[in-house]
Amino acid sequence: MTAELIRTDDYLEVRDLRVSFGDFVAVDGVALTLLQGQVHFLVGPNGAGKTTVIDALTGLARGQGVATFDGEDLLGRSSHAIARLGVGRTFQTATVFNDLTVLQNLDIAGLRHRRRRSLWRARHGIPDAVAEAAEAVGLSHLLDRPAGVLSHGQKQWLEIGMLLVQDARVLLLDEPVAGMSAQERDATGELLHRIGRERTIVVVEHDMEFVRRYADVVTVLHAGRVLASGSMEQIRANPEVQRVYLGDHAEGVSNA
Amino acid sequence: MTSPRTSFAEPTRFAKAGPWIGLAVLAVALLVIAPLALSPFRLGLLAKYLCYAIAAVGIGLAWGRGGMLVLGQGMYFGLGGYAMAMHLKLADAGPNGIPDFMLLYADGQMPLWWEPFRSPLVTLAAIVLVPGLLATILGLAIFKRRIKGAYFAILSQALTAAFALLLIGQVKTTGGYNGLNNFRGFFGYSLYDPANKKMLYLIAAGVLLLSLALVAHLQRSRFGELLIATRDAEERVRFLGQDPAFPKLLAYVVAAVLAAVGGALYVPIVGIISPDDVGVVASIGLIAGVALGGRASLFGPALGAIAVGYAESTLSERFAGSWTYFQGALFIVVLLLLPGGLSSVLAKAREAAGGRRLRRVHAEAGEVAAV
């Protein structure tokens, strides 16, 4: 097996994914092929099952069907086992370790790549991977600040930075730009494209303007099913999407 | 605009040396000043509080840093204590002898599981290994099943209550309600000799300092950061590829072993171990001291345990029956009004002083600019 051969498996394949809570079917046979080097967006009205798809792929919700990454089945594994395979995620409300500094937050994300021994020692200096990630997400100047005092946008960036230190090859981001200023949104969009070259990035998003500007591939979910998938132009031209989703869009925004 | 950075950089430099300076000060106070300043009787009492403090250091790690409300540390304190007491009884009885209380309560037949405790080495190993192993097994069952919060606290308290009941029920092998007492020697040294009592005090002080050094190191290490992360956002830790059961288990086992070592030293120092010393009330006594001192700080739990031990001796002399109410009230009041304990008051005062210094610097800078 050469490195190139392994690389061909380096995509996330989801087939016939079903998630149900009691009688309610939240995700009903979703199929996705998520390639490396592209920024994918999952869009759809509230309750379409976007976050549930991510939950199922990261062990938070029990899913049925097939979801493979790098030849490994993700469904049925525990969250930490999935993270160790290189599939990382963020949450709608940024979840960072508030009592730890930005440096400690980033550093802790790299635990699984370090020797066991290093766990029993204090950290000396700033590890290279941490410095690079802090630089990439623009938090280098805030390393010694407790994460709890960061702004909402900075916390989202910190979470993305943690995924970089963790060396996640698939990044599942749940509404990363919600609540961000226009400037922060642009910075985030560009960041996603920069780090997306060698990774698989999936973004759940409501903000259609953000999707239009930064999506390589868009998948529209509706009532737990895939309605359409393709470039933003293809999606916009799709009559079914116009009927079901874009028609409701104004309402969706006012609800949000 | 450089001031915010310096205000963050300064405490970290202090924080690096802080624990070791504190340890040195405490070492001088415990090893030099206390033996000179206190009467043998008072020194003996302090030695007893130091045993509580050793257990408290472990509780600080598990509860303060790990977020596990260990309400039943009396069980581990008791395991260490009874292991030591069994050995002392057997040593007092001489080779092939049988502990005196067994002749009194039973037919003079010693159960087989007492036999290994004739050996001092086996006893010392058992003091560490039995609680360590039990904590590992219980911890795995608890943390892998994701039992936490109040459920964990109730479970740990129920275990210690059951343990105390078990001890009371097995009169023939554990001494029942009276426990084990009347020890004459400690590894060949007479317990009636004041010089040996002072030695026991110094051993307890040394063990406490070593426990503090161990926990200080764990707190500073990456493990300490992982433990705090687990305390504050356990589910988030999973998505870093870490099973949060591991840091919790380790902190829990360290706390169990420290409690057992404290219990083992308690036996020769106090001269008795009974179900009262290991039950629910004793466990709450331990944790009340930790809460008072400040559970997340390094020195708070130990100093708080010493203070509560002192208060217990003093107040229970005067108000015999009401100490347990006072102790329970203290635990609740501290948790409600001062969750960070007394050490958080100190930290706030230090911050306020730092803020004043910063303002003064700014004021001076302002004057310079005005000139």
# chains A, B, ... in the order shown; residues from 1 in each chain; ligands from 1
>>> interface_residues(of="chain B", to="chain A", cutoff="8 Å", atoms="only C-alpha atoms", output="PyMOL selection string")
chain B and resi 8-9+217-218+220-223+225-226+228-229+232-233+236+238-243
>>> write_last_selection(atoms="N, CA, C and O atoms", output="CSV table (one decimal), in the first residue's frame")
chain,number,residue,atom,x,y,z
B,8,PHE,N,-1.3,39.5,32.6
B,8,PHE,CA,-1.4,38.1,32.4
B,8,PHE,C,-0.1,37.4,32.6
B,8,PHE,O,-0.1,36.3,33.1
B,9,ALA,N,1.0,38.0,32.2
B,9,ALA,CA,2.2,37.3,32.2
B,9,ALA,C,2.7,37.2,33.7
B,9,ALA,O,3.3,36.2,34.0
B,217,HIS,N,2.5,18.7,41.4
B,217,HIS,CA,3.1,18.3,40.1
B,217,HIS,C,2.0,17.9,39.1
B,217,HIS,O,2.0,18.3,38.0
B,218,LEU,N,1.0,17.1,39.6
B,218,LEU,CA,-0.1,16.7,38.8
B,218,LEU,C,-0.9,17.9,38.3
B,218,LEU,O,-1.3,17.9,37.1
B,220,ARG,N,0.2,20.9,37.7
B,220,ARG,CA,0.9,21.7,36.8
B,220,ARG,C,1.1,21.0,35.4
B,220,ARG,O,1.4,21.6,34.4
B,221,SER,N,1.0,19.6,35.5
B,221,SER,CA,1.3,18.9,34.3
B,221,SER,C,0.1,19.0,33.3
B,221,SER,O,-1.0,19.6,33.6
B,222,ARG,N,0.3,18.5,32.1
B,222,ARG,CA,-0.8,18.5,31.1
B,222,ARG,C,-2.0,17.7,31.6
B,222,ARG,O,-3.1,17.9,31.2
B,223,PHE,N,-1.7,16.6,32.4
B,223,PHE,CA,-2.8,15.9,33.0
B,223,PHE,C,-3.7,16.8,33.8
B,223,PHE,O,-4.9,16.6,33.7
B,225,GLU,N,-4.3,19.9,33.3
B,225,GLU,CA,-5.1,20.7,32.4
B,225,GLU,C,-6.3,19.8,31.9
B,225,GLU,O,-7.4,20.3,31.7
B,226,LEU,N,-5.9,18.6,31.5
B,226,LEU,CA,-6.9,17.6,31.0
B,226,LEU,C,-8.0,17.4,32.1
B,226,LEU,O,-9.2,17.3,31.7
B,228,ILE,N,-9.0,19.5,34.5
B,228,ILE,CA,-9.9,20.6,34.6
B,228,ILE,C,-10.8,20.7,33.4
B,228,ILE,O,-12.0,21.0,33.5
B,229,ALA,N,-10.3,20.4,32.2
B,229,ALA,CA,-11.1,20.4,31.0
B,229,ALA,C,-12.2,19.4,31.2
B,229,ALA,O,-13.4,19.6,30.8
B,232,ASP,N,-14.9,20.7,33.5
B,232,ASP,CA,-15.7,21.8,33.1
B,232,ASP,C,-16.6,21.4,31.8
B,232,ASP,O,-17.6,22.0,31.6
B,233,ALA,N,-16.1,20.5,31.0
B,233,ALA,CA,-16.9,20.2,29.8
B,233,ALA,C,-16.5,18.7,29.4
B,233,ALA,O,-15.8,18.5,28.5
B,236,ARG,N,-17.2,17.6,25.9
B,236,ARG,CA,-16.3,18.2,24.9
B,236,ARG,C,-15.0,17.4,24.8
B,236,ARG,O,-14.4,17.3,23.7
B,238,ARG,N,-14.5,14.3,24.9
B,238,ARG,CA,-14.6,13.2,24.0
B,238,ARG,C,-14.3,13.5,22.6
B,238,ARG,O,-13.7,12.7,21.9
B,239,PHE,N,-14.6,14.7,22.2
B,239,PHE,CA,-14.4,15.1,20.8
B,239,PHE,C,-13.0,15.5,20.5
B,239,PHE,O,-12.6,15.9,19.4
B,240,LEU,N,-12.2,15.5,21.5
B,240,LEU,CA,-10.7,15.7,21.3
B,240,LEU,C,-10.1,14.3,21.1
B,240,LEU,O,-8.9,14.2,21.0
B,241,GLY,N,-10.9,13.2,21.2
B,241,GLY,CA,-10.4,11.9,21.0
B,241,GLY,C,-9.9,11.3,22.4
B,241,GLY,O,-9.2,10.3,22.4
B,242,GLN,N,-10.3,11.9,23.5
B,242,GLN,CA,-9.9,11.5,24.8
B,242,GLN,C,-11.2,10.9,25.5
B,242,GLN,O,-12.2,11.5,25.5
B,243,ASP,N,-11.0,9.7,26.1
B,243,ASP,CA,-12.1,9.2,27.0
B,243,ASP,C,-12.0,9.9,28.3
B,243,ASP,O,-11.0,9.7,29.0
>>> residues_around(residues="stretch 20-28 of chain B", least_positions_apart="3", cutoff="9 Å", atoms="only C-alpha atoms", output="JSON, numbers by chain")
{"B": [16, 17, 31, 32, 33, 34, 205, 206, 209, 212, 213, 216, 299]}
>>> closest_residue(among="B:Val130, B:Ala256, B:Leu69, B:Met84", to="B:Phe186", atoms="only C-alpha atoms")
B:Met84
>>> closest_residue(among="A:Glu233, A:Asp167, A:Glu159, A:Asp186", to="A:Glu198", atoms="only C-alpha atoms")
A:Asp167
>>> decode(residues="stretch 299-334 of chain B", atoms="N, CA, C and O atoms", output="PDB file, in the first residue's frame")
ATOM      1  N   PHE B 299      -3.195  24.200  48.578  1.00  0.00           N
ATOM      2  CA  PHE B 299      -3.032  24.124  50.029  1.00  0.00           C
ATOM      3  C   PHE B 299      -4.359  24.206  50.781  1.00  0.00           C
ATOM      4  O   PHE B 299      -4.449  23.788  51.932  1.00  0.00           O
ATOM      5  N   GLY B 300      -5.393  24.764  50.136  1.00  0.00           N
ATOM      6  CA  GLY B 300      -6.690  24.954  50.784  1.00  0.00           C
ATOM      7  C   GLY B 300      -7.239  23.696  51.440  1.00  0.00           C
ATOM      8  O   GLY B 300      -7.603  23.724  52.629  1.00  0.00           O
ATOM      9  N   PRO B 301      -7.319  22.569  50.698  1.00  0.00           N
ATOM     10  CA  PRO B 301      -7.907  21.365  51.307  1.00  0.00           C
ATOM     11  C   PRO B 301      -7.164  20.923  52.566  1.00  0.00           C
ATOM     12  O   PRO B 301      -7.801  20.624  53.590  1.00  0.00           O
ATOM     13  N   ALA B 302      -5.835  20.915  52.525  1.00  0.00           N
ATOM     14  CA  ALA B 302      -5.060  20.448  53.682  1.00  0.00           C
ATOM     15  C   ALA B 302      -5.257  21.387  54.865  1.00  0.00           C
ATOM     16  O   ALA B 302      -5.538  20.946  55.986  1.00  0.00           O
ATOM     17  N   LEU B 303      -5.137  22.697  54.621  1.00  0.00           N
ATOM     18  CA  LEU B 303      -5.267  23.655  55.716  1.00  0.00           C
ATOM     19  C   LEU B 303      -6.697  23.662  56.260  1.00  0.00           C
ATOM     20  O   LEU B 303      -6.916  23.754  57.476  1.00  0.00           O
ATOM     21  N   GLY B 304      -7.677  23.528  55.365  1.00  0.00           N
ATOM     22  CA  GLY B 304      -9.070  23.471  55.795  1.00  0.00           C
ATOM     23  C   GLY B 304      -9.333  22.249  56.671  1.00  0.00           C
ATOM     24  O   GLY B 304     -10.026  22.335  57.689  1.00  0.00           O
ATOM     25  N   ALA B 305      -8.757  21.104  56.278  1.00  0.00           N
ATOM     26  CA  ALA B 305      -8.949  19.880  57.063  1.00  0.00           C
ATOM     27  C   ALA B 305      -8.328  20.029  58.452  1.00  0.00           C
ATOM     28  O   ALA B 305      -8.895  19.569  59.452  1.00  0.00           O
ATOM     29  N   ILE B 306      -7.164  20.669  58.515  1.00  0.00           N
ATOM     30  CA  ILE B 306      -6.521  20.893  59.820  1.00  0.00           C
ATOM     31  C   ILE B 306      -7.407  21.803  60.675  1.00  0.00           C
ATOM     32  O   ILE B 306      -7.644  21.536  61.855  1.00  0.00           O
ATOM     33  N   ALA B 307      -7.951  22.853  60.035  1.00  0.00           N
ATOM     34  CA  ALA B 307      -8.796  23.793  60.774  1.00  0.00           C
ATOM     35  C   ALA B 307     -10.054  23.114  61.287  1.00  0.00           C
ATOM     36  O   ALA B 307     -10.449  23.303  62.448  1.00  0.00           O
ATOM     37  N   VAL B 308     -10.698  22.301  60.445  1.00  0.00           N
ATOM     38  CA  VAL B 308     -11.927  21.624  60.874  1.00  0.00           C
ATOM     39  C   VAL B 308     -11.610  20.599  61.960  1.00  0.00           C
ATOM     40  O   VAL B 308     -12.373  20.443  62.923  1.00  0.00           O
ATOM     41  N   GLY B 309     -10.472  19.907  61.839  1.00  0.00           N
ATOM     42  CA  GLY B 309     -10.061  18.960  62.880  1.00  0.00           C
ATOM     43  C   GLY B 309      -9.878  19.666  64.209  1.00  0.00           C
ATOM     44  O   GLY B 309     -10.348  19.195  65.251  1.00  0.00           O
ATOM     45  N   TYR B 310      -9.234  20.833  64.159  1.00  0.00           N
ATOM     46  CA  TYR B 310      -9.010  21.618  65.367  1.00  0.00           C
ATOM     47  C   TYR B 310     -10.341  22.055  65.975  1.00  0.00           C
ATOM     48  O   TYR B 310     -10.575  21.915  67.177  1.00  0.00           O
ATOM     49  N   ALA B 311     -11.233  22.562  65.095  1.00  0.00           N
ATOM     50  CA  ALA B 311     -12.537  23.027  65.576  1.00  0.00           C
ATOM     51  C   ALA B 311     -13.309  21.875  66.197  1.00  0.00           C
ATOM     52  O   ALA B 311     -13.971  22.038  67.225  1.00  0.00           O
ATOM     53  N   GLU B 312     -13.204  20.697  65.586  1.00  0.00           N
ATOM     54  CA  GLU B 312     -13.925  19.537  66.104  1.00  0.00           C
ATOM     55  C   GLU B 312     -13.451  19.215  67.528  1.00  0.00           C
ATOM     56  O   GLU B 312     -14.262  19.037  68.430  1.00  0.00           O
ATOM     57  N   SER B 313     -12.139  19.159  67.723  1.00  0.00           N
ATOM     58  CA  SER B 313     -11.613  18.846  69.061  1.00  0.00           C
ATOM     59  C   SER B 313     -12.073  19.882  70.075  1.00  0.00           C
ATOM     60  O   SER B 313     -12.489  19.546  71.179  1.00  0.00           O
ATOM     61  N   THR B 314     -11.993  21.160  69.681  1.00  0.00           N
ATOM     62  CA  THR B 314     -12.300  22.225  70.619  1.00  0.00           C
ATOM     63  C   THR B 314     -13.797  22.299  70.913  1.00  0.00           C
ATOM     64  O   THR B 314     -14.205  22.378  72.072  1.00  0.00           O
ATOM     65  N   LEU B 315     -14.600  22.269  69.854  1.00  0.00           N
ATOM     66  CA  LEU B 315     -16.039  22.464  70.040  1.00  0.00           C
ATOM     67  C   LEU B 315     -16.708  21.233  70.612  1.00  0.00           C
ATOM     68  O   LEU B 315     -17.644  21.350  71.406  1.00  0.00           O
ATOM     69  N   SER B 316     -16.240  20.033  70.237  1.00  0.00           N
ATOM     70  CA  SER B 316     -16.933  18.847  70.729  1.00  0.00           C
ATOM     71  C   SER B 316     -16.641  18.642  72.218  1.00  0.00           C
ATOM     72  O   SER B 316     -17.378  17.953  72.911  1.00  0.00           O
ATOM     73  N   GLU B 317     -15.565  19.261  72.716  1.00  0.00           N
ATOM     74  CA  GLU B 317     -15.338  19.233  74.159  1.00  0.00           C
ATOM     75  C   GLU B 317     -16.441  20.024  74.865  1.00  0.00           C
ATOM     76  O   GLU B 317     -16.958  19.623  75.894  1.00  0.00           O
ATOM     77  N   ARG B 318     -16.791  21.166  74.249  1.00  0.00           N
ATOM     78  CA  ARG B 318     -17.740  22.060  74.896  1.00  0.00           C
ATOM     79  C   ARG B 318     -19.188  21.685  74.588  1.00  0.00           C
ATOM     80  O   ARG B 318     -20.034  21.695  75.455  1.00  0.00           O
ATOM     81  N   PHE B 319     -19.472  21.403  73.316  1.00  0.00           N
ATOM     82  CA  PHE B 319     -20.850  21.031  72.945  1.00  0.00           C
ATOM     83  C   PHE B 319     -20.812  19.618  72.385  1.00  0.00           C
ATOM     84  O   PHE B 319     -20.808  19.421  71.174  1.00  0.00           O
ATOM     85  N   ALA B 320     -20.833  18.648  73.269  1.00  0.00           N
ATOM     86  CA  ALA B 320     -20.553  17.273  72.880  1.00  0.00           C
ATOM     87  C   ALA B 320     -21.411  16.795  71.714  1.00  0.00           C
ATOM     88  O   ALA B 320     -20.909  16.320  70.712  1.00  0.00           O
ATOM     89  N   GLY B 321     -22.731  16.949  71.821  1.00  0.00           N
ATOM     90  CA  GLY B 321     -23.602  16.315  70.836  1.00  0.00           C
ATOM     91  C   GLY B 321     -23.785  17.097  69.551  1.00  0.00           C
ATOM     92  O   GLY B 321     -24.237  16.547  68.551  1.00  0.00           O
ATOM     93  N   SER B 322     -23.472  18.393  69.581  1.00  0.00           N
ATOM     94  CA  SER B 322     -23.921  19.233  68.466  1.00  0.00           C
ATOM     95  C   SER B 322     -22.864  19.435  67.385  1.00  0.00           C
ATOM     96  O   SER B 322     -23.120  20.120  66.406  1.00  0.00           O
ATOM     97  N   TRP B 323     -21.677  18.832  67.565  1.00  0.00           N
ATOM     98  CA  TRP B 323     -20.626  19.079  66.578  1.00  0.00           C
ATOM     99  C   TRP B 323     -21.042  18.654  65.172  1.00  0.00           C
ATOM    100  O   TRP B 323     -20.780  19.358  64.197  1.00  0.00           O
ATOM    101  N   THR B 324     -21.724  17.492  65.063  1.00  0.00           N
ATOM    102  CA  THR B 324     -22.071  17.010  63.727  1.00  0.00           C
ATOM    103  C   THR B 324     -23.002  17.976  63.012  1.00  0.00           C
ATOM    104  O   THR B 324     -22.908  18.163  61.804  1.00  0.00           O
ATOM    105  N   TYR B 325     -23.901  18.623  63.776  1.00  0.00           N
ATOM    106  CA  TYR B 325     -24.782  19.621  63.143  1.00  0.00           C
ATOM    107  C   TYR B 325     -23.967  20.799  62.636  1.00  0.00           C
ATOM    108  O   TYR B 325     -24.154  21.294  61.535  1.00  0.00           O
ATOM    109  N   PHE B 326     -23.027  21.205  63.496  1.00  0.00           N
ATOM    110  CA  PHE B 326     -22.190  22.335  63.117  1.00  0.00           C
ATOM    111  C   PHE B 326     -21.392  22.014  61.863  1.00  0.00           C
ATOM    112  O   PHE B 326     -21.284  22.821  60.937  1.00  0.00           O
ATOM    113  N   GLN B 327     -20.861  20.803  61.827  1.00  0.00           N
ATOM    114  CA  GLN B 327     -20.051  20.382  60.693  1.00  0.00           C
ATOM    115  C   GLN B 327     -20.858  20.357  59.396  1.00  0.00           C
ATOM    116  O   GLN B 327     -20.426  20.852  58.362  1.00  0.00           O
ATOM    117  N   GLY B 328     -22.072  19.797  59.470  1.00  0.00           N
ATOM    118  CA  GLY B 328     -22.944  19.759  58.303  1.00  0.00           C
ATOM    119  C   GLY B 328     -23.309  21.158  57.843  1.00  0.00           C
ATOM    120  O   GLY B 328     -23.288  21.467  56.647  1.00  0.00           O
ATOM    121  N   ALA B 329     -23.612  22.025  58.823  1.00  0.00           N
ATOM    122  CA  ALA B 329     -23.979  23.403  58.492  1.00  0.00           C
ATOM    123  C   ALA B 329     -22.807  24.118  57.816  1.00  0.00           C
ATOM    124  O   ALA B 329     -22.987  24.843  56.838  1.00  0.00           O
ATOM    125  N   LEU B 330     -21.603  23.881  58.336  1.00  0.00           N
ATOM    126  CA  LEU B 330     -20.407  24.511  57.765  1.00  0.00           C
ATOM    127  C   LEU B 330     -20.265  24.131  56.297  1.00  0.00           C
ATOM    128  O   LEU B 330     -20.043  24.986  55.428  1.00  0.00           O
ATOM    129  N   PHE B 331     -20.420  22.832  56.006  1.00  0.00           N
ATOM    130  CA  PHE B 331     -20.299  22.319  54.642  1.00  0.00           C
ATOM    131  C   PHE B 331     -21.279  23.035  53.721  1.00  0.00           C
ATOM    132  O   PHE B 331     -20.921  23.532  52.648  1.00  0.00           O
ATOM    133  N   ILE B 332     -22.538  23.139  54.165  1.00  0.00           N
ATOM    134  CA  ILE B 332     -23.575  23.730  53.318  1.00  0.00           C
ATOM    135  C   ILE B 332     -23.341  25.231  53.141  1.00  0.00           C
ATOM    136  O   ILE B 332     -23.410  25.768  52.037  1.00  0.00           O
ATOM    137  N   VAL B 333     -23.021  25.902  54.253  1.00  0.00           N
ATOM    138  CA  VAL B 333     -22.843  27.360  54.191  1.00  0.00           C
ATOM    139  C   VAL B 333     -21.681  27.723  53.281  1.00  0.00           C
ATOM    140  O   VAL B 333     -21.774  28.619  52.436  1.00  0.00           O
ATOM    141  N   VAL B 334     -20.568  26.984  53.411  1.00  0.00           N
ATOM    142  CA  VAL B 334     -19.414  27.288  52.573  1.00  0.00           C
ATOM    143  C   VAL B 334     -19.759  27.085  51.102  1.00  0.00           C
ATOM    144  O   VAL B 334     -19.466  27.924  50.249  1.00  0.00           O
TER     145      VAL B 334
END
